$ cat target_19.txt   # compact mmCIF, N, CA and C atoms
# COMPACT_ATOMS: atom_id res chain seq x y z
N MET A 160 125.68 56.96 151.05
CA MET A 160 126.87 56.90 150.25
C MET A 160 127.80 55.85 150.84
N THR A 161 128.42 55.10 149.98
CA THR A 161 129.33 54.04 150.42
C THR A 161 130.68 54.61 150.79
N SER A 162 131.23 54.11 151.88
CA SER A 162 132.62 54.41 152.16
C SER A 162 133.35 53.07 152.15
N TYR A 163 134.45 53.03 151.46
CA TYR A 163 135.15 51.78 151.26
C TYR A 163 136.10 51.53 152.40
N THR A 164 136.11 50.28 152.85
CA THR A 164 136.96 49.91 153.97
C THR A 164 138.18 49.17 153.44
N SER A 165 139.21 49.27 154.16
CA SER A 165 140.44 48.61 153.76
C SER A 165 141.40 48.65 154.92
N VAL A 166 142.43 47.86 154.82
CA VAL A 166 143.50 48.01 155.79
C VAL A 166 144.15 49.35 155.50
N PRO A 167 144.80 49.94 156.47
CA PRO A 167 145.34 51.29 156.27
C PRO A 167 146.48 51.33 155.25
N ARG A 168 146.53 52.44 154.56
CA ARG A 168 147.63 52.69 153.63
C ARG A 168 148.90 52.95 154.44
N LYS A 169 149.99 52.32 154.01
CA LYS A 169 151.28 52.51 154.68
C LYS A 169 152.29 53.25 153.82
N HIS A 170 152.11 53.19 152.50
CA HIS A 170 153.12 53.73 151.60
C HIS A 170 152.47 54.41 150.41
N THR A 171 153.21 55.27 149.78
CA THR A 171 152.88 55.78 148.45
C THR A 171 153.88 55.14 147.50
N ALA A 172 153.67 55.35 146.21
CA ALA A 172 154.63 54.82 145.24
C ALA A 172 156.02 55.40 145.48
N GLU A 173 156.05 56.62 145.98
CA GLU A 173 157.34 57.27 146.24
C GLU A 173 158.01 56.79 147.52
N THR A 174 157.22 56.40 148.52
CA THR A 174 157.83 56.00 149.80
C THR A 174 158.09 54.50 149.91
N ALA A 175 157.51 53.70 149.02
CA ALA A 175 157.75 52.25 149.06
C ALA A 175 159.23 51.98 148.81
N GLN A 176 159.81 51.16 149.67
CA GLN A 176 161.24 50.86 149.57
C GLN A 176 161.53 49.41 149.19
N THR A 177 160.56 48.53 149.41
CA THR A 177 160.79 47.11 149.15
C THR A 177 159.62 46.56 148.33
N MET A 178 159.83 45.38 147.77
CA MET A 178 158.73 44.73 147.05
C MET A 178 157.62 44.35 148.03
N SER A 179 157.96 44.09 149.26
CA SER A 179 156.94 43.82 150.27
C SER A 179 156.04 45.04 150.45
N ASP A 180 156.63 46.24 150.47
CA ASP A 180 155.85 47.49 150.56
C ASP A 180 154.91 47.61 149.36
N VAL A 181 155.45 47.37 148.18
CA VAL A 181 154.66 47.47 146.94
C VAL A 181 153.52 46.45 146.97
N ARG A 182 153.84 45.22 147.32
CA ARG A 182 152.81 44.17 147.33
C ARG A 182 151.72 44.45 148.36
N TYR A 183 152.08 44.98 149.50
CA TYR A 183 151.09 45.34 150.51
C TYR A 183 150.08 46.32 149.91
N GLU A 184 150.60 47.35 149.26
CA GLU A 184 149.72 48.39 148.70
C GLU A 184 148.90 47.87 147.53
N VAL A 185 149.48 47.04 146.69
CA VAL A 185 148.72 46.46 145.57
C VAL A 185 147.60 45.58 146.13
N ASP A 186 147.90 44.76 147.13
CA ASP A 186 146.86 43.92 147.74
C ASP A 186 145.77 44.77 148.39
N ARG A 187 146.17 45.85 149.05
CA ARG A 187 145.20 46.76 149.67
C ARG A 187 144.29 47.36 148.60
N LEU A 188 144.88 47.83 147.53
CA LEU A 188 144.10 48.42 146.45
C LEU A 188 143.19 47.39 145.78
N ASP A 189 143.67 46.17 145.62
CA ASP A 189 142.82 45.13 145.04
C ASP A 189 141.58 44.89 145.89
N ARG A 190 141.73 44.91 147.22
CA ARG A 190 140.55 44.75 148.09
C ARG A 190 139.56 45.90 147.89
N VAL A 191 140.07 47.11 147.76
CA VAL A 191 139.19 48.25 147.52
C VAL A 191 138.50 48.12 146.16
N LEU A 192 139.24 47.69 145.16
CA LEU A 192 138.64 47.49 143.83
C LEU A 192 137.53 46.44 143.88
N VAL A 193 137.74 45.37 144.64
CA VAL A 193 136.69 44.36 144.78
C VAL A 193 135.44 44.98 145.41
N GLU A 194 135.62 45.79 146.44
CA GLU A 194 134.47 46.46 147.06
C GLU A 194 133.74 47.34 146.05
N ILE A 195 134.49 48.10 145.28
CA ILE A 195 133.89 49.01 144.30
C ILE A 195 133.17 48.22 143.22
N LEU A 196 133.79 47.16 142.73
CA LEU A 196 133.16 46.35 141.69
C LEU A 196 131.91 45.65 142.21
N ALA A 197 131.94 45.24 143.47
CA ALA A 197 130.75 44.62 144.05
C ALA A 197 129.60 45.63 144.10
N GLU A 198 129.91 46.87 144.45
CA GLU A 198 128.87 47.90 144.43
C GLU A 198 128.38 48.14 143.01
N ARG A 199 129.30 48.20 142.05
CA ARG A 199 128.92 48.39 140.64
C ARG A 199 127.97 47.28 140.20
N GLN A 200 128.27 46.06 140.63
CA GLN A 200 127.44 44.91 140.26
C GLN A 200 126.01 45.08 140.76
N THR A 201 125.82 45.69 141.91
CA THR A 201 124.45 45.89 142.42
C THR A 201 123.63 46.74 141.45
N PHE A 202 124.31 47.63 140.73
CA PHE A 202 123.60 48.46 139.76
C PHE A 202 123.27 47.71 138.49
N MET A 203 123.98 46.62 138.21
CA MET A 203 123.60 45.75 137.10
C MET A 203 122.29 45.04 137.46
N ASP A 204 122.17 44.65 138.73
CA ASP A 204 120.90 44.07 139.20
C ASP A 204 119.77 45.09 139.10
N ALA A 205 120.06 46.33 139.48
CA ALA A 205 119.03 47.38 139.39
C ALA A 205 118.63 47.61 137.93
N ALA A 206 119.61 47.64 137.04
CA ALA A 206 119.31 47.83 135.62
C ALA A 206 118.45 46.68 135.10
N ALA A 207 118.78 45.46 135.50
CA ALA A 207 117.99 44.30 135.07
C ALA A 207 116.55 44.41 135.57
N ARG A 208 116.38 44.93 136.76
CA ARG A 208 115.05 45.10 137.34
C ARG A 208 114.27 46.19 136.61
N ILE A 209 114.96 47.25 136.21
CA ILE A 209 114.30 48.43 135.65
C ILE A 209 114.03 48.29 134.16
N LYS A 210 114.93 47.67 133.41
CA LYS A 210 114.76 47.60 131.96
C LYS A 210 113.55 46.76 131.60
N PRO A 211 112.69 47.30 130.72
CA PRO A 211 111.45 46.59 130.41
C PRO A 211 111.64 45.41 129.46
N LYS A 212 112.69 45.44 128.64
CA LYS A 212 112.88 44.38 127.65
C LYS A 212 114.31 43.86 127.71
N ARG A 213 114.45 42.57 127.48
CA ARG A 213 115.77 41.92 127.51
C ARG A 213 116.71 42.55 126.49
N GLU A 214 116.17 42.96 125.35
CA GLU A 214 116.99 43.56 124.29
C GLU A 214 117.67 44.85 124.75
N ALA A 215 117.13 45.46 125.79
CA ALA A 215 117.69 46.72 126.29
C ALA A 215 118.94 46.50 127.14
N VAL A 216 119.24 45.25 127.49
CA VAL A 216 120.40 44.99 128.34
C VAL A 216 121.68 45.46 127.66
N ARG A 217 121.86 45.12 126.39
CA ARG A 217 123.04 45.55 125.65
C ARG A 217 122.71 46.86 124.95
N ASP A 218 123.45 47.91 125.27
CA ASP A 218 123.20 49.25 124.74
C ASP A 218 124.52 49.79 124.19
N GLU A 219 124.74 49.62 122.90
CA GLU A 219 126.02 50.00 122.28
C GLU A 219 126.38 51.47 122.50
N PRO A 220 125.45 52.41 122.30
CA PRO A 220 125.83 53.81 122.57
C PRO A 220 126.27 54.03 124.02
N ARG A 221 125.61 53.36 124.96
CA ARG A 221 126.01 53.50 126.36
C ARG A 221 127.39 52.90 126.61
N ILE A 222 127.71 51.80 125.97
CA ILE A 222 129.04 51.19 126.10
C ILE A 222 130.10 52.21 125.70
N GLU A 223 129.91 52.84 124.56
CA GLU A 223 130.90 53.81 124.08
C GLU A 223 130.97 55.04 124.97
N GLN A 224 129.81 55.44 125.53
CA GLN A 224 129.80 56.57 126.46
C GLN A 224 130.60 56.25 127.72
N VAL A 225 130.42 55.04 128.25
CA VAL A 225 131.16 54.63 129.45
C VAL A 225 132.66 54.64 129.17
N VAL A 226 133.06 54.06 128.04
CA VAL A 226 134.49 54.03 127.70
C VAL A 226 135.03 55.45 127.53
N SER A 227 134.28 56.30 126.87
CA SER A 227 134.69 57.69 126.69
C SER A 227 134.84 58.40 128.04
N ASN A 228 133.88 58.18 128.94
CA ASN A 228 133.95 58.77 130.29
C ASN A 228 135.20 58.31 131.02
N VAL A 229 135.50 57.03 130.92
CA VAL A 229 136.68 56.47 131.58
C VAL A 229 137.96 57.08 131.00
N LEU A 230 138.02 57.20 129.69
CA LEU A 230 139.23 57.76 129.07
C LEU A 230 139.41 59.23 129.46
N GLU A 231 138.34 59.96 129.64
CA GLU A 231 138.44 61.34 130.14
C GLU A 231 138.97 61.35 131.57
N ALA A 232 138.44 60.45 132.41
CA ALA A 232 138.89 60.37 133.80
C ALA A 232 140.37 59.98 133.86
N CYS A 233 140.83 59.19 132.92
CA CYS A 233 142.25 58.79 132.89
C CYS A 233 143.15 60.02 132.82
N LYS A 234 142.73 61.00 132.05
CA LYS A 234 143.52 62.23 131.92
C LYS A 234 143.66 62.93 133.27
N GLU A 235 142.59 62.94 134.03
CA GLU A 235 142.60 63.62 135.33
C GLU A 235 143.44 62.88 136.37
N TYR A 236 143.37 61.54 136.34
CA TYR A 236 144.01 60.74 137.38
C TYR A 236 145.33 60.11 136.97
N GLY A 237 145.71 60.26 135.71
CA GLY A 237 147.00 59.73 135.27
C GLY A 237 147.01 58.24 135.01
N LEU A 238 145.87 57.65 134.73
CA LEU A 238 145.82 56.24 134.37
C LEU A 238 146.06 56.10 132.88
N ALA A 239 146.96 55.21 132.51
CA ALA A 239 147.28 55.01 131.10
C ALA A 239 146.06 54.46 130.36
N PRO A 240 145.67 55.10 129.26
CA PRO A 240 144.50 54.62 128.51
C PRO A 240 144.69 53.20 127.99
N GLU A 241 145.93 52.81 127.72
CA GLU A 241 146.16 51.45 127.23
C GLU A 241 145.93 50.40 128.31
N ILE A 242 145.87 50.81 129.56
CA ILE A 242 145.43 49.93 130.65
C ILE A 242 143.92 50.04 130.79
N ALA A 243 143.43 51.25 130.85
CA ALA A 243 142.01 51.48 131.17
C ALA A 243 141.05 50.93 130.12
N GLU A 244 141.28 51.24 128.86
CA GLU A 244 140.27 50.88 127.86
C GLU A 244 140.03 49.38 127.78
N PRO A 245 141.06 48.54 127.65
CA PRO A 245 140.75 47.10 127.59
C PRO A 245 140.16 46.56 128.89
N VAL A 246 140.57 47.11 130.02
CA VAL A 246 140.01 46.67 131.30
C VAL A 246 138.53 47.01 131.35
N TRP A 247 138.17 48.23 130.97
CA TRP A 247 136.75 48.62 131.03
C TRP A 247 135.93 47.90 129.99
N ARG A 248 136.47 47.67 128.83
CA ARG A 248 135.69 46.92 127.81
C ARG A 248 135.40 45.50 128.31
N LEU A 249 136.38 44.87 128.95
CA LEU A 249 136.14 43.55 129.52
C LEU A 249 135.14 43.64 130.67
N LEU A 250 135.30 44.63 131.54
CA LEU A 250 134.36 44.83 132.64
C LEU A 250 132.94 45.02 132.11
N ILE A 251 132.80 45.81 131.08
CA ILE A 251 131.47 46.06 130.50
C ILE A 251 130.89 44.77 129.94
N GLU A 252 131.68 44.01 129.19
CA GLU A 252 131.16 42.76 128.61
C GLU A 252 130.75 41.77 129.70
N GLN A 253 131.55 41.65 130.74
CA GLN A 253 131.21 40.75 131.84
C GLN A 253 129.99 41.26 132.60
N SER A 254 129.87 42.58 132.72
CA SER A 254 128.71 43.17 133.39
C SER A 254 127.44 42.93 132.58
N ILE A 255 127.55 43.01 131.27
CA ILE A 255 126.39 42.74 130.41
C ILE A 255 125.97 41.28 130.56
N ALA A 256 126.94 40.36 130.54
CA ALA A 256 126.62 38.94 130.72
C ALA A 256 125.94 38.71 132.06
N TYR A 257 126.46 39.35 133.11
CA TYR A 257 125.86 39.25 134.43
C TYR A 257 124.43 39.82 134.43
N GLU A 258 124.26 40.96 133.77
CA GLU A 258 122.94 41.60 133.74
C GLU A 258 121.93 40.73 132.99
N PHE A 259 122.35 40.07 131.91
CA PHE A 259 121.45 39.14 131.22
C PHE A 259 120.97 38.05 132.17
N LYS A 260 121.89 37.47 132.94
CA LYS A 260 121.50 36.43 133.90
C LYS A 260 120.55 37.00 134.95
N SER A 261 120.87 38.17 135.45
CA SER A 261 120.02 38.80 136.45
C SER A 261 118.64 39.09 135.86
N TYR A 262 118.60 39.62 134.65
CA TYR A 262 117.34 39.92 133.98
C TYR A 262 116.51 38.64 133.85
N ASP A 263 117.15 37.59 133.36
CA ASP A 263 116.44 36.33 133.15
C ASP A 263 115.92 35.76 134.46
N ASN A 264 116.69 35.87 135.52
CA ASN A 264 116.24 35.36 136.83
C ASN A 264 115.08 36.18 137.37
N LEU A 265 115.13 37.49 137.17
CA LEU A 265 114.05 38.35 137.67
C LEU A 265 112.77 38.23 136.86
N LYS A 266 112.91 38.05 135.56
CA LYS A 266 111.75 38.11 134.67
C LYS A 266 111.24 36.74 134.23
N LYS A 267 111.84 35.67 134.73
CA LYS A 267 111.38 34.35 134.28
C LYS A 267 109.94 34.12 134.76
N PRO A 268 109.17 33.44 133.94
CA PRO A 268 107.77 33.21 134.34
C PRO A 268 107.70 32.29 135.56
N ASP A 269 106.70 32.53 136.37
CA ASP A 269 106.47 31.70 137.55
C ASP A 269 105.75 30.45 137.10
N THR A 270 106.43 29.31 137.19
CA THR A 270 105.82 28.04 136.73
C THR A 270 105.40 27.15 137.88
N ARG A 271 105.40 27.69 139.09
CA ARG A 271 105.04 26.85 140.25
C ARG A 271 103.59 26.38 140.20
N ASN A 272 102.69 27.15 139.63
CA ASN A 272 101.27 26.78 139.60
C ASN A 272 100.85 26.21 138.27
N SER A 273 101.80 25.81 137.44
CA SER A 273 101.46 25.26 136.13
C SER A 273 101.16 23.79 136.20

$ encode --input "target_19.txt" --output "structure tokens"
Amino acid sequence: MTSYTSVPRKHTAETAQTMSDVRYEVDRLDRVLVEILAERQTFMDAAARIKPKREAVRDEPRIEQVVSNVLEACKEYGLAPEIAEPVWRLLIEQSIAYEFKSYDNLKKPDTRNS
């Protein structure tokens, strides 16, 4: 299981007193988000490796399931759906584009002996 590394948290939204405090925490969280997204990306590579056909890369029902799952999680964690939904839809589209490239790189024919 992955544990995410980061510089230590110094403030909460309630204890931050200056914009410097706020910016420190936003930058810290951005680093954690990059780590998480990098891990997520590794699963796009796994999906590209596992899927038998290129047409399977884009899966509309799965896209809607992911968005629905995220919107449910928003309720639990207090994330505004108007932030989450467009962010995840963009993340999904970029992940699909990445997975197509990964699929094509993994499944391209070997032409070295041609």

$ closest_atom_pairs --input "target_19.txt" --of "region 183-244 of chain A" --to "region 165-171 of chain A" --cutoff "8 Å" --atoms "all atoms listed in the file" --output "Markdown table"
| residue | atom | partner | partner_atom | distance |
| --- | --- | --- | --- | --- |
| A:Tyr183 | C | A:Lys169 | N | 7.3 |
| A:Glu184 | CA | A:His170 | N | 6.6 |
| A:Asp186 | C | A:Val166 | N | 7.9 |
| A:Arg187 | CA | A:Val166 | N | 6.0 |
| A:Leu188 | N | A:Ser165 | CA | 7.7 |
| A:Arg190 | C | A:Ser165 | CA | 6.5 |
| A:Val191 | N | A:Ser165 | CA | 6.2 |

$ atom_distance --input "target_19.txt" --atom1 "CA of Ile222 (chain A)" --atom2 "CA of Arg248 (chain A)"
8.1 Å

$ axis_aligned_box --input "target_19.txt" --around "region 244-254 of chain A" --padding-each-side "8 Å" --output "lines of an AutoDock Vina configuration file"
center_x = 134.4
center_y = 46.0
center_z = 130.5
size_x = 29.8
size_y = 26.5
size_z = 21.8

$ atom_distance --input "target_19.txt" --atom1 "CA of Thr201 (chain A)" --atom2 "CA of Tyr262 (chain A)"
12.5 Å

$ atom_distance --input "target_19.txt" --atom1 "CA of Asp218 (chain A)" --atom2 "CA of Val246 (chain A)"
18.2 Å

$ residues_around --input "target_19.txt" --residues "Lys266 (chain A)" --least-positions-apart "4" --cutoff "9 Å" --atoms "only C-alpha atoms" --output "ChimeraX atom specification"
/A:207-208,261-262

$ select_by_dssp --input "target_19.txt" --residues "chain A" --states "alpha helix (DSSP H)" --output "number ranges by chain"
A: 178-209, 219-236, 240-266

$ decode --input "target_19.txt" --residues "region 231-249 of chain A" --atoms "N, CA, C and O atoms" --output "mmCIF file, in the first residue's frame"
data_model
loop_
_atom_site.group_PDB
_atom_site.id
_atom_site.type_symbol
_atom_site.label_atom_id
_atom_site.label_comp_id
_atom_site.auth_asym_id
_atom_site.auth_seq_id
_atom_site.Cartn_x
_atom_site.Cartn_y
_atom_site.Cartn_z
ATOM 1 N N GLU A 231 -20.576 10.885 -4.864
ATOM 2 C CA GLU A 231 -20.949 10.305 -3.566
ATOM 3 C C GLU A 231 -19.896 10.621 -2.512
ATOM 4 O O GLU A 231 -20.219 10.974 -1.391
ATOM 5 N N ALA A 232 -18.619 10.470 -2.886
ATOM 6 C CA ALA A 232 -17.533 10.766 -1.947
ATOM 7 C C ALA A 232 -17.541 12.245 -1.559
ATOM 8 O O ALA A 232 -17.187 12.592 -0.421
ATOM 9 N N CYS A 233 -17.950 13.102 -2.464
ATOM 10 C CA CYS A 233 -18.028 14.547 -2.160
ATOM 11 C C CYS A 233 -18.934 14.799 -0.959
ATOM 12 O O CYS A 233 -18.631 15.663 -0.123
ATOM 13 N N LYS A 234 -20.018 14.059 -0.885
ATOM 14 C CA LYS A 234 -20.951 14.223 0.230
ATOM 15 C C LYS A 234 -20.269 13.894 1.555
ATOM 16 O O LYS A 234 -20.468 14.575 2.554
ATOM 17 N N GLU A 235 -19.457 12.860 1.552
ATOM 18 C CA GLU A 235 -18.778 12.427 2.773
ATOM 19 C C GLU A 235 -17.687 13.404 3.204
ATOM 20 O O GLU A 235 -17.506 13.668 4.389
ATOM 21 N N TYR A 236 -16.956 13.945 2.221
ATOM 22 C CA TYR A 236 -15.787 14.766 2.536
ATOM 23 C C TYR A 236 -16.024 16.266 2.416
ATOM 24 O O TYR A 236 -15.137 17.051 2.741
ATOM 25 N N GLY A 237 -17.199 16.666 1.952
ATOM 26 C CA GLY A 237 -17.503 18.090 1.877
ATOM 27 C C GLY A 237 -16.896 18.804 0.684
ATOM 28 O O GLY A 237 -16.734 20.021 0.719
ATOM 29 N N LEU A 238 -16.584 18.079 -0.370
ATOM 30 C CA LEU A 238 -16.083 18.713 -1.585
ATOM 31 C C LEU A 238 -17.264 19.143 -2.442
ATOM 32 O O LEU A 238 -18.188 18.351 -2.677
ATOM 33 N N ALA A 239 -17.242 20.375 -2.897
ATOM 34 C CA ALA A 239 -18.332 20.898 -3.712
ATOM 35 C C ALA A 239 -18.396 20.137 -5.039
ATOM 36 O O ALA A 239 -17.395 20.040 -5.743
ATOM 37 N N PRO A 240 -19.579 19.613 -5.384
ATOM 38 C CA PRO A 240 -19.695 18.868 -6.643
ATOM 39 C C PRO A 240 -19.369 19.732 -7.864
ATOM 40 O O PRO A 240 -18.879 19.225 -8.864
ATOM 41 N N GLU A 241 -19.606 21.033 -7.764
ATOM 42 C CA GLU A 241 -19.299 21.906 -8.899
ATOM 43 C C GLU A 241 -17.791 22.069 -9.112
ATOM 44 O O GLU A 241 -17.355 22.492 -10.174
ATOM 45 N N ILE A 242 -16.997 21.697 -8.128
ATOM 46 C CA ILE A 242 -15.543 21.598 -8.313
ATOM 47 C C ILE A 242 -15.202 20.190 -8.788
ATOM 48 O O ILE A 242 -14.471 20.006 -9.764
ATOM 49 N N ALA A 243 -15.738 19.201 -8.116
ATOM 50 C CA ALA A 243 -15.336 17.812 -8.366
ATOM 51 C C ALA A 243 -15.703 17.315 -9.758
ATOM 52 O O ALA A 243 -14.853 16.732 -10.444
ATOM 53 N N GLU A 244 -16.941 17.511 -10.172
ATOM 54 C CA GLU A 244 -17.363 16.879 -11.430
ATOM 55 C C GLU A 244 -16.551 17.346 -12.633
ATOM 56 O O GLU A 244 -16.034 16.508 -13.382
ATOM 57 N N PRO A 245 -16.385 18.653 -12.855
ATOM 58 C CA PRO A 245 -15.579 19.033 -14.030
ATOM 59 C C PRO A 245 -14.115 18.624 -13.913
ATOM 60 O O PRO A 245 -13.484 18.268 -14.914
ATOM 61 N N VAL A 246 -13.581 18.624 -12.700
ATOM 62 C CA VAL A 246 -12.192 18.198 -12.514
ATOM 63 C C VAL A 246 -12.060 16.724 -12.872
ATOM 64 O O VAL A 246 -11.149 16.327 -13.602
ATOM 65 N N TRP A 247 -12.976 15.895 -12.381
ATOM 66 C CA TRP A 247 -12.873 14.457 -12.677
ATOM 67 C C TRP A 247 -13.169 14.155 -14.131
ATOM 68 O O TRP A 247 -12.523 13.279 -14.715
ATOM 69 N N ARG A 248 -14.085 14.859 -14.731
ATOM 70 C CA ARG A 248 -14.349 14.610 -16.161
ATOM 71 C C ARG A 248 -13.110 14.941 -16.997
ATOM 72 O O ARG A 248 -12.775 14.200 -17.926
ATOM 73 N N LEU A 249 -12.425 16.025 -16.656
ATOM 74 C CA LEU A 249 -11.187 16.350 -17.357
ATOM 75 C C LEU A 249 -10.111 15.311 -17.055
ATOM 76 O O LEU A 249 -9.395 14.858 -17.960
#
